[in-house]
Structure formats: structure tokens, C-alpha cells
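J.: Got a structure for you, entry_2.tsv, holding TSV, C-alpha atoms.
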chain	number	residue	atom	x	y	z
A	1162	MET	CA	0.00	0.00	0.00
A	1163	ARG	CA	1.37	3.38	-1.03
A	1164	LEU	CA	0.67	5.80	1.79
A	1165	LEU	CA	0.78	9.58	1.71
A	1166	ILE	CA	0.24	12.06	4.55
A	1167	GLN	CA	-1.37	15.37	3.63
A	1168	LYS	CA	-1.85	18.24	6.06
A	1169	PHE	CA	-4.12	21.21	5.35
A	1170	GLY	CA	-3.96	24.39	7.40
A	1171	GLY	CA	-6.77	26.51	8.74
A	1172	THR	CA	-7.13	28.81	5.74
A	1173	SER	CA	-7.24	25.81	3.38
A	1174	VAL	CA	-10.27	24.34	5.18
A	1175	GLN	CA	-11.80	27.68	6.17
A	1176	THR	CA	-14.63	27.81	3.61
A	1177	LYS	CA	-16.54	25.38	1.43
A	1178	GLU	CA	-14.97	27.02	-1.63
A	1179	ASN	CA	-11.47	26.50	-0.23
A	1180	ARG	CA	-12.25	22.90	0.68
A	1181	VAL	CA	-13.11	22.19	-2.95
A	1182	HIS	CA	-9.41	22.78	-3.70
A	1183	VAL	CA	-8.47	20.50	-0.78
A	1184	ILE	CA	-10.65	17.75	-2.19
A	1185	GLN	CA	-9.10	18.19	-5.64
A	1186	GLN	CA	-5.62	17.72	-4.13
A	1187	ILE	CA	-6.80	14.58	-2.36
A	1188	LYS	CA	-8.33	13.20	-5.56
A	1189	ARG	CA	-5.08	13.83	-7.48
A	1190	ALA	CA	-3.20	11.75	-4.94
A	1191	LEU	CA	-5.84	8.98	-5.02
A	1192	ALA	CA	-5.50	8.87	-8.81
A	1193	LYS	CA	-1.84	7.93	-8.27
A	1194	ASP	CA	-2.94	4.88	-6.22
A	1195	TYR	CA	-2.15	6.35	-2.81
A	1196	LYS	CA	-4.06	5.76	0.37
A	1197	LEU	CA	-4.21	8.99	2.40
A	1198	VAL	CA	-4.07	10.14	5.98
A	1199	VAL	CA	-5.24	13.77	5.86
A	1200	VAL	CA	-4.46	15.90	8.93
A	1201	VAL	CA	-6.47	19.11	9.34
A	1202	SER	CA	-6.22	22.28	11.40
A	1203	ALA	CA	-9.20	24.17	12.84
A	1204	LEU	CA	-11.45	25.97	10.36
A	1205	GLY	CA	-10.03	29.41	9.63
A	1206	ARG	CA	-8.49	31.96	11.96
A	1207	ASN	CA	-9.74	34.40	14.55
A	1208	PRO	CA	-12.50	35.70	14.40
A	1209	ASP	CA	-13.87	32.68	12.50
A	1210	PRO	CA	-16.26	30.85	14.87
A	1211	TYR	CA	-14.31	27.59	15.23
A	1212	ALA	CA	-10.75	28.96	15.14
A	1213	THR	CA	-8.66	28.16	18.22
A	1214	ASP	CA	-8.32	31.78	19.36
A	1215	THR	CA	-12.07	32.32	18.95
A	1216	LEU	CA	-12.82	29.29	21.12
A	1217	LEU	CA	-10.46	30.59	23.81
A	1218	LYS	CA	-12.33	33.89	23.91
A	1219	MET	CA	-15.46	31.99	24.96
A	1220	VAL	CA	-13.85	31.44	28.38
A	1221	ASP	CA	-12.14	34.86	28.50
A	1222	HIS	CA	-8.70	33.32	28.17
A	1223	PRO	CA	-6.12	34.43	29.33
A	1224	THR	CA	-7.69	36.93	31.73
A	1225	THR	CA	-9.49	34.26	33.78
A	1226	ASN	CA	-8.00	31.42	35.81
A	1227	ASN	CA	-8.77	28.59	33.39
A	1228	SER	CA	-8.01	24.93	33.96
A	1229	LYS	CA	-5.36	23.90	31.44
A	1230	ARG	CA	-6.93	20.45	31.15
A	1231	GLU	CA	-10.31	21.98	30.30
A	1232	LEU	CA	-8.71	24.45	27.89
A	1233	ASP	CA	-7.40	21.48	25.93
A	1234	MET	CA	-10.90	20.03	25.79
A	1235	LEU	CA	-12.08	23.34	24.34
A	1236	MET	CA	-9.19	23.99	21.95
A	1237	SER	CA	-9.40	20.52	20.43
A	1238	CYS	CA	-12.94	21.19	19.20
A	1239	GLY	CA	-11.84	23.24	16.17
A	1240	GLU	CA	-9.80	20.43	14.60
A	1241	THR	CA	-12.44	17.83	15.45
A	1242	ILE	CA	-15.09	19.88	13.64
A	1243	ALA	CA	-12.79	20.35	10.64
A	1244	SER	CA	-12.14	16.60	10.36
A	1245	VAL	CA	-15.84	15.75	10.36
A	1246	VAL	CA	-16.72	18.50	7.88
A	1247	LEU	CA	-14.01	17.49	5.40
A	1248	SER	CA	-14.77	13.77	5.73
A	1249	ASN	CA	-18.45	14.45	5.03
A	1250	GLU	CA	-17.65	16.57	1.96
A	1251	LEU	CA	-15.25	13.92	0.62
A	1252	ARG	CA	-18.07	11.35	0.76
A	1253	GLN	CA	-20.29	13.81	-1.12
A	1254	HIS	CA	-17.60	13.74	-3.83
A	1255	GLN	CA	-17.69	9.92	-3.93
A	1256	VAL	CA	-14.47	9.52	-1.95
A	1257	SER	CA	-14.46	6.79	0.70
A	1258	ALA	CA	-13.45	8.63	3.88
A	1259	THR	CA	-13.82	8.57	7.64
A	1260	ALA	CA	-12.81	10.94	10.43
A	1261	LEU	CA	-10.83	10.31	13.63
A	1262	SER	CA	-9.86	12.51	16.53
A	1263	GLY	CA	-6.19	12.66	17.46
A	1264	ALA	CA	-6.90	10.38	20.41
A	1265	GLN	CA	-8.75	7.83	18.26
A	1266	ALA	CA	-5.86	7.94	15.77
A	1267	GLY	CA	-3.49	6.86	18.55
A	1268	LEU	CA	-1.47	9.99	19.30
A	1269	ILE	CA	-0.35	9.59	22.94
A	1270	THR	CA	1.17	12.51	24.85
A	1271	ASN	CA	2.39	13.43	28.30
A	1272	GLU	CA	0.20	15.45	30.67
A	1273	ASN	CA	1.70	18.87	29.93
A	1274	TYR	CA	-1.65	20.38	28.94
A	1275	ASN	CA	-1.63	23.09	26.22
A	1276	GLU	CA	1.97	22.20	25.25
A	1277	ALA	CA	1.92	18.39	25.43
A	1278	LYS	CA	4.80	16.35	24.04
A	1279	ILE	CA	4.18	13.29	21.90
A	1280	LYS	CA	5.25	10.09	23.70
A	1281	GLN	CA	4.24	7.63	21.01
A	1282	VAL	CA	1.82	6.98	18.18
A	1283	LYS	CA	-0.28	3.82	18.12
A	1284	PRO	CA	-1.57	3.78	14.53
A	1285	ASP	CA	-3.55	0.51	14.68
A	1286	ARG	CA	-6.91	2.28	14.32
A	1287	ILE	CA	-5.66	4.22	11.28
A	1288	LYS	CA	-4.39	1.02	9.66
A	1289	HIS	CA	-7.74	-0.65	10.28
A	1290	GLU	CA	-9.68	2.26	8.76
A	1291	LEU	CA	-7.39	2.33	5.70
A	1292	LYS	CA	-8.48	-1.23	4.92
A	1293	ASN	CA	-12.04	0.03	4.54
A	1294	HIS	CA	-11.51	3.60	3.31
A	1295	ASP	CA	-9.22	5.44	0.91
A	1296	VAL	CA	-8.89	8.50	3.16
A	1297	VAL	CA	-8.68	8.84	6.93
A	1298	VAL	CA	-9.15	12.46	8.03
A	1299	VAL	CA	-7.46	13.07	11.39
A	1300	ALA	CA	-7.87	16.08	13.66
A	1301	GLY	CA	-4.42	17.63	14.07
A	1302	PHE	CA	-2.98	19.48	17.07
A	1303	GLN	CA	-4.47	17.03	19.58
A	1304	GLY	CA	-3.92	13.71	21.29
A	1305	ARG	CA	-4.59	12.07	24.64
A	1306	THR	CA	-2.75	11.08	27.78
A	1307	GLU	CA	-2.31	7.46	28.83
A	1308	SER	CA	-5.27	7.95	31.17
A	1309	GLY	CA	-7.49	9.27	28.37
A	1310	ASP	CA	-7.53	13.04	28.89
A	1311	ILE	CA	-7.56	15.20	25.74
A	1312	THR	CA	-4.38	17.21	25.17
A	1313	THR	CA	-3.15	19.74	22.63
A	1314	ILE	CA	0.45	19.96	21.45
A	1315	GLY	CA	0.98	23.69	21.01
A	1316	ARG	CA	1.05	26.11	18.09
A	1317	GLY	CA	2.05	24.43	14.84
A	1318	GLY	CA	0.73	21.21	16.32
A	1319	SER	CA	-1.04	20.05	13.17
A	1320	ASP	CA	2.30	20.04	11.31
A	1321	THR	CA	3.77	18.01	14.15
A	1322	SER	CA	0.80	15.63	14.14
A	1323	ALA	CA	1.22	15.03	10.41
A	1324	ALA	CA	4.93	14.28	10.82
A	1325	ALA	CA	4.28	11.95	13.77
A	1326	PHE	CA	1.69	9.95	11.83
A	1327	GLY	CA	3.97	9.89	8.79
A	1328	ALA	CA	6.83	8.52	10.87
A	1329	SER	CA	4.75	5.89	12.66
A	1330	LEU	CA	3.15	4.68	9.42
A	1331	GLN	CA	6.37	5.00	7.39
A	1332	ALA	CA	4.59	7.04	4.73
A	1333	GLU	CA	6.19	7.67	1.37
A	1334	CYS	CA	6.00	11.45	1.84
A	1335	ILE	CA	4.42	14.12	4.03
A	1336	GLU	CA	2.82	17.01	2.16
A	1337	ILE	CA	2.10	20.25	4.02
A	1338	PHE	CA	-0.43	22.36	2.10
A	1339	THR	CA	-0.60	26.10	2.75
A	1340	ASP	CA	-1.59	29.27	0.90
A	1341	VAL	CA	1.96	29.78	-0.49
A	1342	GLU	CA	3.82	27.98	-3.29
A	1343	GLY	CA	6.58	26.65	-1.05
A	1344	ILE	CA	9.58	27.82	0.95
A	1345	MET	CA	10.77	31.23	-0.21
A	1346	THR	CA	14.25	32.74	-0.03
A	1347	ALA	CA	12.76	35.51	2.17
A	1348	ASP	CA	9.38	36.78	3.24
A	1349	PRO	CA	7.76	37.88	-0.06
A	1350	ARG	CA	5.90	40.61	1.82
A	1351	VAL	CA	9.30	42.17	2.56
A	1352	VAL	CA	11.37	41.18	-0.50
A	1353	ASP	CA	9.68	41.57	-3.88
A	1354	SER	CA	12.29	39.40	-5.62
A	1355	ALA	CA	11.97	36.44	-3.21
A	1356	GLN	CA	12.13	33.11	-5.04
A	1357	ARG	CA	10.66	29.70	-4.34
A	1358	ILE	CA	13.32	27.15	-3.33
A	1359	ASP	CA	12.97	23.82	-5.13
A	1360	VAL	CA	14.95	21.68	-2.67
A	1361	VAL	CA	16.16	22.40	0.86
A	1362	THR	CA	17.76	20.23	3.55
A	1363	TYR	CA	16.07	19.32	6.82
A	1364	THR	CA	18.70	21.29	8.76
A	1365	GLU	CA	18.29	24.43	6.66
A	1366	ILE	CA	14.52	24.51	6.96
A	1367	CYS	CA	14.69	23.83	10.72
A	1368	ASN	CA	16.97	26.83	11.11
A	1369	LEU	CA	14.79	29.01	8.86
A	1370	ALA	CA	11.71	27.99	10.85
A	1371	TYR	CA	13.31	28.63	14.23
A	1372	GLN	CA	14.51	32.04	12.99
A	1373	GLY	CA	11.10	33.27	11.92
A	1374	ALA	CA	10.02	31.56	8.68
A	1375	LYS	CA	6.49	30.40	9.52
A	1376	VAL	CA	5.68	27.97	6.71
A	1377	ILE	CA	6.24	24.81	8.79
A	1378	HIS	CA	6.87	24.07	12.45
A	1379	PRO	CA	10.50	23.02	13.09
A	1380	ARG	CA	9.47	20.12	15.35
A	1381	ALA	CA	7.63	18.56	12.41
A	1382	VAL	CA	10.81	18.78	10.33
A	1383	GLU	CA	12.85	17.15	13.09
A	1384	ILE	CA	10.43	14.22	13.32
A	1385	ALA	CA	10.48	13.71	9.54
A	1386	MET	CA	14.28	13.94	9.50
A	1387	GLN	CA	14.62	11.27	12.19
A	1388	ALA	CA	12.28	9.00	10.24
A	1389	LYS	CA	14.01	9.84	6.91
A	1390	ILE	CA	10.71	10.77	5.30
A	1391	PRO	CA	10.71	13.62	2.75
A	1392	LEU	CA	8.43	16.60	3.25
A	1393	ARG	CA	6.86	18.84	0.64
A	1394	ILE	CA	5.52	22.34	1.22
A	1395	ARG	CA	2.84	22.99	-1.38
A	1396	SER	CA	0.01	25.35	-2.22
A	1397	THR	CA	-3.54	24.11	-1.80
A	1398	TYR	CA	-4.52	26.13	-4.86
A	1399	SER	CA	-1.84	24.98	-7.32
A	1400	ASN	CA	-0.50	21.81	-8.93
A	1401	ASN	CA	3.05	23.08	-8.43
A	1402	GLU	CA	5.28	20.57	-6.64
A	1403	GLY	CA	6.40	23.24	-4.16
A	1404	THR	CA	9.53	22.79	-2.05
A	1405	LEU	CA	11.02	19.39	-1.24
A	1406	ILE	CA	12.63	19.04	2.19
A	1407	THR	CA	15.03	16.12	2.33
A	1408	SER	CA	18.55	15.10	3.39
A	1409	SER	CA	20.20	16.47	0.26
A	1410	ARG	CA	19.58	19.30	-2.17
A	1411	VAL	CA	19.96	16.96	-5.16
A	1412	ASP	CA	18.45	13.59	-5.95
A	1413	LYS	CA	21.49	12.12	-7.72
A	1414	ILE	CA	23.90	10.08	-5.61
A	1415	GLY	CA	27.47	11.37	-5.77
A	1416	ILE	CA	26.52	14.87	-6.95
A	1417	ASP	CA	27.68	17.69	-4.70
A	1418	ILE	CA	25.14	20.18	-3.35
A	1419	PRO	CA	24.58	23.24	-5.54
A	1420	ASP	CA	26.98	26.13	-4.95
A	1421	ARG	CA	24.73	27.95	-2.50
A	1422	LEU	CA	26.30	29.69	0.48
A	1423	VAL	CA	22.99	31.01	1.79
A	1424	THR	CA	19.59	29.40	1.21
A	1425	GLY	CA	17.34	32.01	2.73
A	1426	ILE	CA	16.96	35.05	4.95
A	1427	ALA	CA	14.63	34.83	7.97
A	1428	HIS	CA	13.71	37.41	10.55
A	1429	ILE	CA	12.02	37.96	13.92
A	1430	ASP	CA	10.85	41.38	15.04
A	1431	SER	CA	9.63	42.79	18.37
A	1432	ILE	CA	12.80	41.97	20.28
A	1433	THR	CA	14.35	43.87	23.20
A	1434	GLN	CA	18.05	43.83	24.11
A	1435	LEU	CA	18.98	43.80	27.81
A	1436	ASN	CA	22.47	44.78	28.97
A	1437	VAL	CA	22.96	43.74	32.60
A	1438	THR	CA	25.98	45.08	34.48
A	1439	VAL	CA	27.65	42.70	36.95
A	1440	ASN	CA	30.51	42.88	39.43
A	1441	GLU	CA	33.32	40.84	37.95
A	1442	ASP	CA	34.21	39.58	41.43
A	1443	ASP	CA	30.70	38.17	41.87
A	1444	LEU	CA	31.00	34.79	40.18
A	1445	GLU	CA	27.37	33.90	40.93
A	1446	ALA	CA	25.87	36.97	39.26
A	1447	GLN	CA	25.61	35.65	35.71
A	1448	ALA	CA	24.04	32.40	36.86
A	1449	THR	CA	21.55	34.40	38.93
A	1450	ILE	CA	20.53	36.47	35.89
A	1451	PHE	CA	19.62	33.50	33.73
A	1452	LYS	CA	18.13	31.51	36.58
A	1453	THR	CA	15.82	34.49	37.22
A	1454	MET	CA	14.73	34.44	33.57
A	1455	ALA	CA	14.18	30.68	33.59
A	1456	GLU	CA	12.09	30.74	36.77
A	1457	ALA	CA	9.86	33.40	35.16
A	1458	ASP	CA	9.55	31.27	31.99
A	1459	ILE	CA	11.19	34.01	29.90
A	1460	SER	CA	13.00	32.78	26.79
A	1461	VAL	CA	16.40	34.38	26.18
A	1462	ASP	CA	18.44	34.62	22.98
A	1463	PHE	CA	21.57	36.27	21.57
A	1464	ILE	CA	23.56	35.71	24.74
A	1465	ASN	CA	26.95	37.42	25.13
A	1466	ILE	CA	28.65	37.09	28.52
A	1467	SER	CA	31.75	38.90	29.79
A	1468	PRO	CA	33.16	39.39	33.30
A	1469	THR	CA	31.34	42.74	33.60
A	1470	ASN	CA	28.20	42.30	31.45
A	1471	ALA	CA	25.52	39.88	30.37
A	1472	ILE	CA	23.88	41.00	27.14
A	1473	TYR	CA	20.92	39.10	25.72
A	1474	THR	CA	17.53	39.56	24.08
A	1475	VAL	CA	13.97	38.74	25.10
A	1476	PRO	CA	10.64	39.06	23.29
A	1477	SER	CA	9.46	42.65	23.68
A	1478	ILE	CA	6.17	41.51	25.19
A	1479	VAL	CA	8.01	40.32	28.35
A	1480	ALA	CA	10.79	42.96	28.42
A	1481	ASP	CA	9.22	45.04	31.20
A	1482	LYS	CA	8.71	41.95	33.34
A	1483	ALA	CA	12.30	40.81	32.77
A	1484	THR	CA	13.69	44.25	33.61
A	1485	LEU	CA	11.66	44.49	36.83
A	1486	LEU	CA	12.81	41.05	38.00
A	1487	LEU	CA	16.45	41.92	37.39
A	1488	LYS	CA	16.18	45.23	39.24
A	1489	GLU	CA	14.55	43.43	42.17
A	1490	LYS	CA	17.71	41.29	42.31
A	1491	GLY	CA	19.81	44.45	42.49
A	1492	PHE	CA	21.12	44.48	38.92
A	1493	ALA	CA	21.59	47.60	36.80
A	1494	VAL	CA	19.89	47.07	33.43
A	1495	SER	CA	20.23	49.02	30.19
A	1496	VAL	CA	17.29	48.42	27.81
A	1497	ARG	CA	17.29	48.78	24.01
A	1498	ASN	CA	13.79	48.48	22.60
A	1499	ASN	CA	12.53	47.95	19.03
A	1500	CYS	CA	15.14	45.48	17.82
A	1501	ALA	CA	14.93	42.73	15.20
A	1502	LYS	CA	16.90	39.58	14.44
A	1503	VAL	CA	17.93	38.79	10.87
A	1504	SER	CA	19.34	35.36	10.04
A	1505	ALA	CA	21.23	34.11	6.98
A	1506	VAL	CA	20.80	30.33	6.71
A	1507	GLY	CA	22.65	27.95	4.41
A	1508	ALA	CA	24.35	24.56	4.62
A	1509	GLY	CA	26.89	25.77	2.08
A	1510	MET	CA	28.46	28.31	4.45
A	1511	THR	CA	30.01	25.67	6.73
A	1512	GLY	CA	33.77	26.12	6.76
A	1513	ILE	CA	33.70	28.80	4.08
A	1514	PRO	CA	35.53	32.03	4.98
A	1515	GLY	CA	34.12	35.44	4.12
A	1516	VAL	CA	30.40	34.88	4.70
A	1517	ALA	CA	30.28	37.06	7.83
A	1518	ALA	CA	32.33	39.71	6.04
A	1519	LYS	CA	29.86	39.71	3.16
A	1520	ILE	CA	26.96	40.17	5.59
A	1521	ALA	CA	28.67	43.02	7.42
A	1522	ASP	CA	29.62	44.73	4.15
A	1523	ALA	CA	26.07	44.53	2.76
A	1524	LEU	CA	24.59	45.99	5.94
A	1525	VAL	CA	27.17	48.76	6.26
A	1526	LYS	CA	26.55	49.83	2.66
A	1527	ASN	CA	22.88	50.21	3.55
A	1528	SER	CA	23.58	52.15	6.77
A	1529	VAL	CA	22.42	49.30	9.00
A	1530	GLN	CA	24.27	49.04	12.32
A	1531	ILE	CA	24.92	45.57	13.78
A	1532	LEU	CA	24.11	45.56	17.51
A	1533	GLN	CA	25.06	41.94	18.17
A	1534	SER	CA	25.98	38.89	16.12
A	1535	ALA	CA	26.37	35.14	16.55
A	1536	ASP	CA	26.88	32.14	14.30
A	1537	SER	CA	26.67	28.38	13.99
A	1538	HIS	CA	27.76	26.01	11.22
A	1539	THR	CA	24.76	26.89	9.04
A	1540	THR	CA	23.42	30.21	10.36
A	1541	ILE	CA	24.69	33.72	11.02
A	1542	TRP	CA	22.47	35.99	13.11
A	1543	VAL	CA	22.59	39.77	13.47
A	1544	LEU	CA	20.63	42.01	15.78
A	1545	ILE	CA	19.62	45.38	14.35
A	1546	ASP	CA	17.24	48.26	14.99
A	1547	GLU	CA	13.78	47.22	13.84
A	1548	LYS	CA	13.39	50.37	11.73
A	1549	HIS	CA	16.12	48.99	9.42
A	1550	LEU	CA	14.56	45.53	9.07
A	1551	LYS	CA	13.27	45.76	5.50
A	1552	SER	CA	16.46	47.41	4.29
A	1553	ALA	CA	18.63	44.75	5.96
A	1554	ILE	CA	16.69	41.78	4.59
A	1555	ASN	CA	16.71	43.16	1.06
A	1556	ALA	CA	20.43	43.99	1.29
A	1557	LEU	CA	21.35	40.43	2.31
A	1558	HIS	CA	18.98	38.90	-0.23
A	1559	GLU	CA	20.71	40.89	-2.97
A	1560	ALA	CA	24.25	40.32	-1.64
A	1561	PHE	CA	23.85	36.54	-1.84
A	1562	GLU	CA	21.97	36.74	-5.17
A	1563	LEU	CA	19.02	34.81	-3.82
A	1564	ASN	CA	16.81	36.28	-6.52
A	1565	LYS	CA	18.76	34.01	-8.92
A	1566	ILE	CA	18.75	30.88	-6.76
A	1567	THR	CA	16.42	28.75	-8.91
A	1568	GLU	CA	18.23	29.48	-12.18
A	1569	ARG	CA	21.64	28.84	-10.60
A	1570	GLU	CA	20.61	25.48	-9.13
A	1571	LYS	CA	19.16	24.27	-12.41
A	1572	GLU	CA	22.50	25.03	-14.10
A	1573	THR	CA	24.41	23.22	-11.32
A	1574	THR	CA	22.37	20.01	-11.44
A	1575	GLN	CA	22.10	19.66	-15.21
If you convert what's in this file into C-alpha cells, what do you get?
T.:
Amino acid sequence: MRLLIQKFGGTSVQTKENRVHVIQQIKRALAKDYKLVVVVSALGRNPDPYATDTLLKMVDHPTTNNSKRELDMLMSCGETIASVVLSNELRQHQVSATALSGAQAGLITNENYNEAKIKQVKPDRIKHELKNHDVVVVAGFQGRTESGDITTIGRGGSDTSAAAFGASLQAECIEIFTDVEGIMTADPRVVDSAQRIDVVTYTEICNLAYQGAKVIHPRAVEIAMQAKIPLRIRSTYSNNEGTLITSSRVDKIGIDIPDRLVTGIAHIDSITQLNVTVNEDDLEAQATIFKTMAEADISVDFINISPTNAIYTVPSIVADKATLLLKEKGFAVSVRNNCAKVSAVGAGMTGIPGVAAKIADALVKNSVQILQSADSHTTIWVLIDEKHLKSAINALHEAFELNKITEREKETTQ
């Protein structure tokens, strides 16, 4: 049995008109002799009546003291409704289909309600239903504990659900359908010349996702990578093959990866930089700073530590809270608001000199000051003033000729 996993996001299943395109994609796969597990998100986005955020407003979340267990019962309703609606419409189009909740499909999690982690997938019910139906529509984003309580697995959970089912069933491929044509070299709302990337590695797309590209959740990519199952990012409204995410950028054994230093430019805005002064004789001070952040559940990034300073960033929404906590501990804090993080990601930069110099040169030529920087084998990050964000992204996109990426790769692989 050839098995394919397809995941459709909230906008794809939002309206009956949109779901016609979903059904067409499903029928195209069935025509190729696949059986399908179709994972769906909740219908639409806030303020649509069954979107997750809309459901949360019904209990005045987060202003009231809600039970996290009961919130999961509520939040899971959107995906459950979507699975039943799509399954019903597939049958109206003469497609043999049935719907399952995440719990019925065998997705088992821990008891960390609202942000549950997948412990295992028991796909026996899915396998049974596939013997009697061509399509099993599964509610994404949700599962159950060992004791039977409903759980949800956090934002981007439907992507993660699709990857988990793909891994447990050893599917041939996992297709993530969205309203874009695939992974782009930069946000097309910021860079007019952004190009679709034909092939990208698991590592590159994980880094792009963690650094702000929102097309797929990085945890889903990690699960697929561990299971060695290729992913495709495709448009619900097009027959285009989209972007293939796999272990290599080429499909020919023995062929080197295309000559691509940088694959894409990602960004995150609304960041605040904190500069905390410490006494260099106080060896406990730096540990106290980050322990204070951890105890308050504040995520930190861009960490630079010296004997006299600890400089790092936090999301702007929690900057005031972080600053107050530090001052209560007796620390002097300098705050820089309205920052943004820009990341250049590419497997081809590993061990290649001059990439950081090229980034610095491009930004300097466009009058963009670098406030902080850091790097790994495949990513270089810079912190800048948010007012320069568009200029910085376009400068780096042009410096690495990402507007020509598709043409260049075709020439390399021919």
C-alpha cells in the first residue's frame, strides 16, 4: 500500500470554496494509487467561529483562571469539527473517507496540557480504517494522555501531528499544504524578488523555521528527518510541486550540493536587548541572571557574557517583566527596545571564509548598524534596529543573489 500524509492548514479548510481545492488535491493523490491520511487544522483563523483563538475567547482566556486540562478540551474542538466537515464533503464527492480525533488515531502525549509532548503513536486504528476507506481524516494538534484526557500539542501542532503519523506509518512522503507555493528565499511581503526554493535540507529549513520563517513548524521537520521521510511544502490552490525538504539538495547520488552559500533570509521582530551590568568579582551573578529568567519562563536569545556584562535579548512583550525582575535582584539594566533579528541560513556556508564579512559589508553599505551577532555552522544571526529591518533583509537577499537561486541550481544540477 502506497501511503501519503497530507496536512491542510486553517485557511485551506476555512470555507466550502477553499475545501473544494483540498478535495481536488486529495483526488489527485488517489488517482496515483495512494491511500491517504489527511491531517487538518481548525477551520479558519480568529474571528472565525471555530478557530482556536475564537474558542479561547469563549472562556475569557487568558484573563481568567482557566483549567489547562479543560482548555485542551475546548481547543481541540476546532480540529475535530474540521475533520468531520471534510470527511463528510469527501463522501459527497464519492471519496471513501472517515474521520478520527487525534486520540482515536493513537497519538499519545504526556500530561503537559496546552503544550503536550508526543510520547508515542499507536496507529492501529488508522491502519484498520485504511483497509475500509481510501482516506482517513485526522484532527491535528491534539492527542490524549495514557489515562485518556484530551491534550493539545501547542502552536504548529497540526504540522507536528502530520509528521508523527507519517513517521509511525512510514509514509512515502508528508505534504504540508498552505496558501503559499513553497519555501521562499525571504518573506515575499518584505522582499519583492523572493524566489521559491525547489529543494532544501532538513537542517536548513529547521533553522529558517526557528529564525522566523512560519511555513512549517521546526518540530515537524525534526520528526520527519529522524524517520528519513521527505516533506513537501505545497500550495492548496496549485499543482506546483512546491519545495522538497530532504537530506540532500539533489536527488542524484554522488553529486555535490549546488553552490549555495545562503539558502534564505529569515527574521524575527519585536525583540528587546537587555544589557545587565555585573561585578566581575561576583562569580554567581551571571548564573543568577539567567536563573531568574528561567524561573519566570522568559525565553532568552543572543547571549553574550563577559566578566562585567551579560547582554541578551527577550521578546518585547516580556521585556518590562524581565527588567523588573532583574532590578529586584539588584542588577543595573540598560534596555534597548525595538530590535529585530535577521538570520542568513545555508548549509553551504560551513567552513567557508568570508560569509560574515559579506553580511557586514552589505549591511554597512545600507547604513544598518549591527548591535550583536552570533553564528553556527549553518546560520549567522545579526541584531539590528527594527526600523532597518526591511532594508537589511533586502540587502542580504541581494548580496547573496538569492533572486537568482532557482536558475543557478538548475544550471548546477544539469
J.: If we count all atoms listed in the file, what is near Thr1339 in chain A at a cut-off of 12 Å, once residues fewer than 3 positions away on the same chain are taken out, given as a VMD selection string?
T.: chain A and resid 1167 to 1175 1179 1182 to 1183 1186 1201 to 1202 1320 1336 1342 to 1344 1375 to 1377 1393 to 1399 1403 to 1404
J.: Write out as a ChimeraX atom specification each polymer residue whose atoms come within 8 Å of Tyr1473 in chain A, counting all atoms listed in the file; drop sequence neighbours fewer than 3 positions from it.
T.: /A:1434-1436,1461-1465
J.: Suppose you want the space between CA of Lys1551 in chain A and CA of Val1352 in chain A; what is it in Å?
T.: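 About the pair CA of Lys1551 in chain A and CA of Val1352 in chain A: they are 7.8 Å apart.
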J.: Which residue is closest to Met1510 in chain A? Choose from A:Asp1348, A:Asp1359, A:Asp1522, A:Asp1536 and count only C-alpha atoms.
T.: A:Asp1536
J.: Provide the CA of Gly1301 in chain A to CA of Ser1408 in chain A distance in Å, to one decimal place.
T.: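 Between CA of Gly1301 in chain A and CA of Ser1408 in chain A the gap works out to 25.5 Å.
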J.: For the interface of range 1416-1443 of chain A with range 1553-1566 of chain A (cut-off 9 Å, counting all atoms listed in the file), please tabulate each contacting residue of range 1416-1443 of chain A alongside its nearest pair of atoms and their separation in Å to one decimal, rows sorted by chain and increasing number, as JSON lines.
T.:
{"residue": "A:Arg1421", "atom": "CA", "partner": "A:Ile1566", "partner_atom": "CA", "distance": 7.9}
{"residue": "A:Leu1422", "atom": "CA", "partner": "A:Phe1561", "partner_atom": "CA", "distance": 7.6}
{"residue": "A:Val1423", "atom": "CA", "partner": "A:Phe1561", "partner_atom": "CA", "distance": 6.7}
{"residue": "A:Thr1424", "atom": "CA", "partner": "A:Leu1563", "partner_atom": "CA", "distance": 7.4}
{"residue": "A:Gly1425", "atom": "CA", "partner": "A:Leu1563", "partner_atom": "CA", "distance": 7.3}
{"residue": "A:Ile1426", "atom": "CA", "partner": "A:Ile1554", "partner_atom": "CA", "distance": 6.7}
{"residue": "A:Ala1427", "atom": "CA", "partner": "A:Ile1554", "partner_atom": "CA", "distance": 8.0}
{"residue": "A:His1428", "atom": "CA", "partner": "A:Ile1554", "partner_atom": "CA", "distance": 8.0}
J.: Could N, CA and C atoms be built for range 1247-1258 of chain A and written out as a PDB file, in the coordinates of the input?
T.:
ATOM      1  N   LEU A1247     -14.716  17.905   6.616  1.00  0.00           N
ATOM      2  CA  LEU A1247     -14.010  17.490   5.400  1.00  0.00           C
ATOM      3  C   LEU A1247     -14.349  16.049   5.033  1.00  0.00           C
ATOM      4  N   SER A1248     -14.420  15.163   6.010  1.00  0.00           N
ATOM      5  CA  SER A1248     -14.770  13.770   5.730  1.00  0.00           C
ATOM      6  C   SER A1248     -16.149  13.676   5.079  1.00  0.00           C
ATOM      7  N   ASN A1249     -17.098  14.445   5.589  1.00  0.00           N
ATOM      8  CA  ASN A1249     -18.450  14.450   5.030  1.00  0.00           C
ATOM      9  C   ASN A1249     -18.439  14.954   3.586  1.00  0.00           C
ATOM     10  N   GLU A1250     -17.691  16.015   3.312  1.00  0.00           N
ATOM     11  CA  GLU A1250     -17.650  16.570   1.960  1.00  0.00           C
ATOM     12  C   GLU A1250     -16.912  15.633   0.992  1.00  0.00           C
ATOM     13  N   LEU A1251     -15.915  14.909   1.476  1.00  0.00           N
ATOM     14  CA  LEU A1251     -15.250  13.920   0.620  1.00  0.00           C
ATOM     15  C   LEU A1251     -16.243  12.835   0.188  1.00  0.00           C
ATOM     16  N   ARG A1252     -17.081  12.372   1.112  1.00  0.00           N
ATOM     17  CA  ARG A1252     -18.070  11.350   0.760  1.00  0.00           C
ATOM     18  C   ARG A1252     -19.075  11.899  -0.249  1.00  0.00           C
ATOM     19  N   GLN A1253     -19.404  13.187  -0.141  1.00  0.00           N
ATOM     20  CA  GLN A1253     -20.290  13.810  -1.120  1.00  0.00           C
ATOM     21  C   GLN A1253     -19.655  13.828  -2.511  1.00  0.00           C
ATOM     22  N   HIS A1254     -18.327  13.789  -2.563  1.00  0.00           N
ATOM     23  CA  HIS A1254     -17.600  13.740  -3.830  1.00  0.00           C
ATOM     24  C   HIS A1254     -17.191  12.308  -4.185  1.00  0.00           C
ATOM     25  N   GLN A1255     -17.902  11.341  -3.636  1.00  0.00           N
ATOM     26  CA  GLN A1255     -17.690   9.920  -3.930  1.00  0.00           C
ATOM     27  C   GLN A1255     -16.288   9.422  -3.553  1.00  0.00           C
ATOM     28  N   VAL A1256     -15.744   9.982  -2.494  1.00  0.00           N
ATOM     29  CA  VAL A1256     -14.470   9.520  -1.950  1.00  0.00           C
ATOM     30  C   VAL A1256     -14.748   8.793  -0.641  1.00  0.00           C
ATOM     31  N   SER A1257     -14.259   7.567  -0.522  1.00  0.00           N
ATOM     32  CA  SER A1257     -14.460   6.790   0.700  1.00  0.00           C
ATOM     33  C   SER A1257     -13.575   7.355   1.806  1.00  0.00           C
ATOM     34  N   ALA A1258     -14.207   7.936   2.830  1.00  0.00           N
ATOM     35  CA  ALA A1258     -13.450   8.630   3.880  1.00  0.00           C
ATOM     36  C   ALA A1258     -14.113   8.465   5.227  1.00  0.00           C
TER      37      ALA A1258
END
